[in-house]
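Student: Quick one, run.txt (compact mmCIF, C-alpha atoms and all ligand atoms):
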# COMPACT_ATOMS: atom_id res chain seq x y z
CA MET A 1 103.65 89.04 85.32
CA HIS A 2 101.04 87.34 87.54
CA LEU A 3 100.05 89.83 90.23
CA ALA A 4 97.52 89.65 93.03
CA LYS A 5 94.37 91.61 92.28
CA LEU A 6 92.39 93.68 94.74
CA HIS A 7 89.24 95.67 93.93
CA ASP A 8 89.78 94.94 90.22
CA SER A 9 93.27 96.47 90.23
CA PRO A 10 96.77 95.00 90.59
CA GLU A 11 97.74 94.90 94.26
CA ILE A 12 100.18 97.82 94.16
CA PHE A 13 99.77 100.25 97.04
CA HIS A 14 101.52 102.97 99.02
CA THR A 15 101.95 102.19 102.70
CA LEU A 16 104.52 101.75 105.47
CA GLN A 17 106.77 98.70 105.53
CA GLY A 18 105.33 96.77 108.47
CA GLU A 19 108.06 94.21 109.12
CA GLY A 20 111.81 93.75 109.09
CA PRO A 21 114.74 96.13 109.40
CA SER A 22 113.05 98.95 107.46
CA ALA A 23 109.73 98.73 109.35
CA GLY A 24 108.05 102.10 109.51
CA SER A 25 109.52 103.33 106.21
CA PRO A 26 107.13 104.56 103.49
CA ALA A 27 107.09 102.05 100.65
CA VAL A 28 105.18 100.97 97.59
CA PHE A 29 104.22 97.31 97.80
CA ILE A 30 103.66 95.15 94.75
CA ARG A 31 102.29 91.66 95.39
CA ALA A 32 103.19 88.74 93.11
CA SER A 33 100.60 86.04 92.67
CA ARG A 34 101.66 82.35 92.88
CA CYS A 35 103.78 80.58 95.47
CA ASN A 36 105.68 77.30 95.37
CA LEU A 37 104.93 76.69 99.07
CA HIS A 38 101.50 76.44 100.67
CA CYS A 39 101.78 77.39 104.33
CA VAL A 40 98.69 76.51 106.35
CA TRP A 41 98.69 79.94 108.04
CA CYS A 42 99.71 82.02 105.00
CA ASP A 43 98.28 85.54 105.34
CA SER A 44 98.47 86.05 101.57
CA ASP A 45 96.77 82.86 100.47
CA CYS A 46 94.93 84.82 97.78
CA THR A 47 98.16 84.30 95.81
CA TRP A 48 97.83 80.50 95.64
CA ASN A 49 94.86 79.05 97.53
CA PHE A 50 92.64 78.84 94.48
CA GLU A 51 89.47 76.81 93.95
CA GLY A 52 90.35 73.31 92.80
CA THR A 53 93.82 73.26 94.37
CA PRO A 54 94.57 70.48 96.86
CA TRP A 55 96.55 72.35 99.50
CA PRO A 56 94.91 72.86 102.90
CA HIS A 57 94.75 76.29 104.52
CA GLU A 58 93.48 77.07 107.99
CA ASN A 59 90.86 79.43 106.51
CA ASP A 60 89.32 76.68 104.38
CA ALA A 61 87.34 75.30 107.33
CA LEU A 62 86.19 78.65 108.74
CA PRO A 63 82.51 79.48 108.37
CA GLY A 64 81.97 82.00 105.57
CA THR A 65 85.38 81.51 103.95
CA ALA A 66 86.35 79.48 100.91
CA LYS A 67 89.19 78.99 98.51
CA HIS A 68 89.63 81.90 96.10
CA ARG A 69 88.35 82.04 92.55
CA GLN A 70 91.60 82.55 90.65
CA SER A 71 90.16 85.08 88.20
CA ALA A 72 88.92 87.21 91.10
CA VAL A 73 92.29 87.51 92.84
CA THR A 74 94.85 87.42 90.02
CA CYS A 75 95.65 89.67 87.09
CA GLU A 76 98.32 89.93 84.41
CA LEU A 77 100.48 93.00 83.96
CA ASP A 78 103.61 93.57 81.91
CA PRO A 79 106.71 94.96 83.63
CA ALA A 80 106.46 98.37 81.96
CA ALA A 81 102.88 98.86 83.14
CA ALA A 82 103.81 97.74 86.65
CA ALA A 83 106.73 100.20 86.66
CA ARG A 84 104.42 103.06 85.64
CA LEU A 85 101.98 102.26 88.46
CA VAL A 86 104.80 102.09 91.02
CA LEU A 87 106.42 105.32 89.79
CA ALA A 88 103.13 107.19 90.11
CA PHE A 89 103.55 107.09 93.90
CA ASN A 90 106.96 108.83 93.71
CA CYS A 91 108.17 106.82 96.72
CA PRO A 92 111.87 106.02 97.31
CA ARG A 93 111.30 102.42 98.49
CA VAL A 94 109.61 99.51 96.70
CA VAL A 95 108.82 96.17 98.34
CA ILE A 96 108.23 93.22 96.02
CA THR A 97 106.28 90.65 97.97
CA GLY A 98 103.98 87.72 97.30
CA GLY A 99 103.37 84.93 96.95
CA GLU A 100 106.92 84.12 95.91
CA PRO A 101 108.41 86.89 93.73
CA LEU A 102 111.41 84.81 92.64
CA LEU A 103 109.09 82.60 90.57
CA GLN A 104 108.81 85.64 88.26
CA GLU A 105 112.33 86.96 88.51
CA SER A 106 112.77 88.12 84.92
CA GLY A 107 109.60 90.21 84.92
CA PHE A 108 110.44 91.86 88.22
CA LEU A 109 114.02 92.51 87.08
CA GLU A 110 112.68 94.34 84.03
CA MET A 111 110.32 96.33 86.26
CA ILE A 112 113.17 97.27 88.63
CA GLN A 113 115.34 98.42 85.72
CA GLN A 114 112.57 100.62 84.35
CA ILE A 115 111.82 102.19 87.73
CA ARG A 116 115.50 102.78 88.40
CA ALA A 117 115.96 104.45 85.03
CA ALA A 118 113.36 107.02 86.07
CA GLN A 119 114.17 107.11 89.78
CA PRO A 120 117.84 106.15 90.30
CA ASP A 121 117.81 106.39 94.10
CA CYS A 122 114.88 103.99 94.55
CA VAL A 123 115.57 101.16 97.04
CA PHE A 124 114.19 97.70 96.29
CA GLU A 125 113.37 95.06 98.87
CA VAL A 126 112.33 91.54 97.90
CA GLU A 127 110.48 89.24 100.29
CA THR A 128 111.17 85.58 99.60
CA ASN A 129 110.80 82.15 101.14
CA ALA A 130 114.41 81.34 100.12
CA THR A 131 113.64 78.29 98.01
CA ARG A 132 115.07 79.83 94.80
CA THR A 133 118.56 81.18 94.25
CA PRO A 134 118.31 84.52 92.45
CA SER A 135 120.30 85.10 89.28
CA ALA A 136 123.40 87.28 89.52
CA ASP A 137 121.61 90.13 87.69
CA PHE A 138 118.59 90.01 89.96
CA ALA A 139 120.72 89.79 93.12
CA ALA A 140 122.72 92.81 91.97
CA ALA A 141 119.59 94.84 91.24
CA VAL A 142 117.97 94.24 94.63
CA ASP A 143 119.08 96.24 97.67
CA GLN A 144 117.65 94.04 100.40
CA PHE A 145 116.33 90.50 100.65
CA ASN A 146 113.86 89.86 103.46
CA VAL A 147 114.19 86.11 103.68
CA SER A 148 111.64 84.08 105.59
CA PRO A 149 112.52 80.37 105.56
CA LYS A 150 109.54 78.35 106.61
CA LEU A 151 109.58 76.12 109.71
CA SER A 152 107.62 72.95 110.37
CA ASN A 153 104.81 75.12 111.81
CA SER A 154 104.03 76.00 108.15
CA GLY A 155 102.74 72.47 107.48
CA VAL A 156 105.01 72.27 104.40
CA ALA A 157 107.31 69.25 103.92
CA GLU A 158 110.94 69.95 104.76
CA SER A 159 112.05 68.75 101.33
CA LEU A 160 110.08 71.64 99.77
CA ARG A 161 110.70 74.45 102.23
CA LEU A 162 114.45 73.97 102.85
CA VAL A 163 116.58 74.23 99.71
CA PRO A 164 120.20 74.10 100.90
CA ASP A 165 121.84 75.88 97.94
CA ALA A 166 119.37 78.76 98.10
CA LEU A 167 119.63 79.10 101.87
CA ARG A 168 123.42 79.13 101.70
CA PHE A 169 123.31 81.79 98.98
CA PHE A 170 121.15 84.05 101.13
CA ALA A 171 123.17 83.32 104.26
CA HIS A 172 126.28 84.59 102.47
CA SER A 173 124.67 87.68 100.92
CA PRO A 174 125.25 90.91 102.86
CA LYS A 175 121.88 92.08 101.53
CA THR A 176 119.91 89.47 103.45
CA TRP A 177 117.93 89.65 106.66
CA PHE A 178 116.40 86.43 107.98
CA LYS A 179 112.95 86.81 109.47
CA PHE A 180 111.47 83.75 111.17
CA VAL A 181 107.79 83.48 112.04
CA VAL A 182 107.59 81.97 115.53
CA ALA A 183 104.52 80.31 116.97
CA ASN A 184 105.83 78.17 119.83
CA PRO A 185 108.98 77.24 121.79
CA ALA A 186 109.81 74.30 119.52
CA ASP A 187 110.36 76.80 116.68
CA ILE A 188 113.35 78.29 118.50
CA ALA A 189 115.22 74.98 118.52
CA GLU A 190 114.47 74.62 114.81
CA ILE A 191 115.87 78.09 114.07
CA LEU A 192 119.04 77.36 116.04
CA THR A 193 119.51 74.19 113.97
CA LEU A 194 119.00 76.10 110.70
CA ARG A 195 121.43 78.79 111.79
CA SER A 196 124.18 76.21 112.35
CA ARG A 197 123.37 74.10 109.31
CA PHE A 198 123.34 76.97 106.79
CA GLY A 199 125.69 79.48 108.43
CA ILE A 200 123.04 82.15 108.94
CA PRO A 201 124.71 85.24 110.46
CA HIS A 202 123.61 85.69 114.06
CA GLU A 203 123.25 89.47 113.69
CA ARG A 204 120.94 89.14 110.68
CA ILE A 205 118.20 87.15 112.44
CA LEU A 206 114.84 88.63 113.38
CA LEU A 207 112.06 86.76 115.15
CA MET A 208 108.47 87.75 114.45
CA PRO A 209 105.41 86.48 116.32
CA ALA A 210 103.01 84.37 114.27
CA ALA A 211 99.93 86.58 114.41
CA ARG A 212 97.05 87.57 112.21
CA ASN A 213 95.55 90.11 114.60
CA THR A 214 96.58 92.33 117.51
CA ALA A 215 95.30 89.84 120.09
CA ASP A 216 97.70 87.17 118.76
CA LEU A 217 100.50 89.74 118.59
CA ASP A 218 99.94 90.92 122.15
CA ARG A 219 99.81 87.35 123.40
CA ARG A 220 103.06 86.19 121.77
CA ALA A 221 105.15 89.38 121.62
CA PRO A 222 106.27 89.63 125.28
CA TRP A 223 107.33 85.96 125.31
CA LEU A 224 109.20 86.28 122.02
CA ALA A 225 110.79 89.61 122.98
CA GLY A 226 112.32 87.89 126.02
CA ILE A 227 113.76 85.15 123.82
CA CYS A 228 115.23 87.77 121.45
CA ARG A 229 116.83 89.55 124.39
CA ASP A 230 118.35 86.34 125.75
CA LEU A 231 119.61 85.03 122.38
CA GLY A 232 120.79 88.41 121.05
CA TRP A 233 118.44 88.45 118.06
CA ARG A 234 116.21 91.28 116.86
CA PHE A 235 112.50 91.30 117.62
CA CYS A 236 110.22 92.10 114.69
CA ASP A 237 106.73 93.41 115.26
CA ARG A 238 103.96 93.52 112.61
CA LEU A 239 103.22 97.23 112.35
CA HIS A 240 100.66 96.87 109.58
CA ILE A 241 98.53 94.57 111.75
CA ARG A 242 98.61 97.10 114.58
CA LEU A 243 97.64 99.90 112.18
CA TRP A 244 95.24 98.19 109.79
CA GLY A 245 94.48 94.68 111.07
CA GLU A 246 93.98 92.11 108.33
CA ARG A 247 92.93 94.61 105.66
CA ARG A 248 94.74 94.20 102.35
CA GLY A 249 96.01 96.99 100.14
CA VAL A 250 96.77 99.53 102.89
S1 LIG A 301 105.95 81.04 101.47
FE1 LIG A 301 104.95 82.97 102.07
S2 LIG A 301 103.50 83.44 100.42
FE2 LIG A 301 104.15 81.29 100.17
S3 LIG A 301 102.55 80.14 101.23
FE3 LIG A 301 104.20 80.48 102.72
S4 LIG A 301 103.64 82.37 103.79
FE4 LIG A 301 102.39 82.26 101.92
What does the file become when written as structure tokens?

Tutor:
Amino acid sequence: MHLAKLHDSPEIFHTLQGEGPSAGSPAVFIRASRCNLHCVWCDSDCTWNFEGTPWPHENDALPGTAKHRQSAVTCELDPAAAARLVLAFNCPRVVITGGEPLLQESGFLEMIQQIRAAQPDCVFEVETNATRTPSADFAAAVDQFNVSPKLSNSGVAESLRLVPDALRFFAHSPKTWFKFVVANPADIAEILTLRSRFGIPHERILLMPAARNTADLDRRAPWLAGICRDLGWRFCDRLHIRLWGERRGV
């Protein structure tokens, strides 16, 4: 499997889930490298924003930042080795994130099966951009999909970020929660359109402020919380940013 690499090790770490319905729960995170989308504000661009790639990212123009050298931020690991590293934390929840984990579905399915054989009560969450429909075996093995369809604020063409068959699959799965990253009022109208178009269950929608630091969170959260109250949707904070800022691997 292609995994993100941090401090010369695969990015597998024990932390608290920072977002979504299980926020606050202890979890082991494992970060897939590679994504089929290239959001301009992606906070995990180490998984795809490599030197020599053409996709723009808002960090590219910042002083002191540059696209990532692929060999410095990516490593290869087989599913059995990944399972051993995850099991070493003896944690009942695993979050497979990315990048886009569904690009490497077979490897992650093998990893899940090996972890579950040793730890049958382990709960698996998968974070996905909902552009791939999971196989029946993978969907059965996963306990919760944290689905984050991308809006036009991502800078990605609609033809790439909205895949109707995949979105309808997730909308009909009782394992799915939809988490939308909201930056401005126009995003709300877009979400309402997506909800109608793909039949997204009202009670499974969470709105999360677009934020990379606590200042952004504090600025957008009160406004977005009011919208959640008025529309009857759940508000989703970013606990990990409040606790650890932009640091990776914690
Ligand atoms: S889909 Fe997610 S991982 Fe992929 S570029 Fe967008 S924010 Fe980053």

Student: Between A:Ala117, A:Val28, A:Leu167, A:Ala83, single out the one closest to A:Gly199, counting all atoms listed in the file.

Tutor: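 Among the listed residues, A:Leu167 lies closest to A:Gly199.
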
Student: Within 12 Å of A:Cys42, counting all atoms listed in the file, which residues qualify if same-chain residues fewer than 5 places away don't, as a list in words?

Tutor: Cys35, Leu37, Thr47, Trp48, Asn49, Trp55, Pro56, His57, Glu58, Asn59, Asp60, Gly98, Gly99, Glu100, Asn129, Lys150, Asn153, Ser154, Gly155, Val156, Val181, Ala210, Ala211 and Arg212 of chain A

Student: What does the distance between atom CA of A:Gln17 and atom CA of A:Gly226 come to in Å, to one decimal place?

Tutor: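 Interatomic distance here is 23.8 Å.
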
Student: Taking all atoms listed in the file into account, name the residue in A:Lys179, A:Arg93, A:His172, A:Lys5 that is nearest to ligand LIG 301 (chain A).

Tutor: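 Among the listed residues, A:Lys179 lies closest to ligand LIG 301 (chain A).
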
Student: One decimal, in Å: what's the spacing between atom CA of A:Glu11 and atom CA of A:Val147?

Tutor: 20.9 Å

Student: Considering all atoms listed in the file, state which residue in the set A:Ala139, A:Leu194, A:Ala118, A:Ile200 is at the smallest distance from A:Glu158.

Tutor: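 Nearest to A:Glu158: A:Leu194.
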
Student: Quote the spacing between atom CA of A:Leu85 and atom CA of A:Arg132 in Å to one decimal place.

Tutor: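 Going from atom CA of A:Leu85 over to atom CA of A:Arg132 covers 26.7 Å.
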
Student: Kindly provide, as lines of an AutoDock Vina configuration file, the centre and edge lengths (Å, one decimal) of an axis-aligned box around all atoms of ligand LIG 301 (chain A) given in the file, with 4 Å on each side.

Tutor:
center_x = 104.2
center_y = 81.8
center_z = 102.0
size_x = 11.6
size_y = 11.3
size_z = 11.6

Student: Check the smallest atom-to-atom distance from each of A:His14, A:His38, A:Lys67, A:His240 to ligand LIG 301 (chain A) using all atoms listed in the file, then report the winner.

Tutor: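 The shortest atom-to-atom distance to ligand LIG 301 (chain A) comes from A:His38.
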
Student: Could you tell me which of A:Leu231, A:Ala130, A:Leu192, A:Ala141 comes closest to ligand LIG 301 (chain A) if we count all atoms listed in the file?

Tutor: A:Ala130

Student: Measuring atom to atom with only C-alpha atoms, identify which of A:Val123, A:Val142, A:Ile205, A:Leu77 is nearest to A:Ile12.

Tutor: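 Result for the nearest residue to A:Ile12: A:Leu77.
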
Student: Give me, as a list in words, all polymer residues having an atom no more than 12 Å from A:Ala140, counting only C-alpha atoms and skipping those fewer than 2 positions away in the same chain.

Tutor: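 Non-adjacent residues within range: Leu109, Ile112, Gln113, Phe124, Glu125, Pro134, Ser135, Ala136, Asp137, Phe138, Val142, Asp143, Gln144, Phe145, Ser173, Pro174 and Lys175 of chain A.
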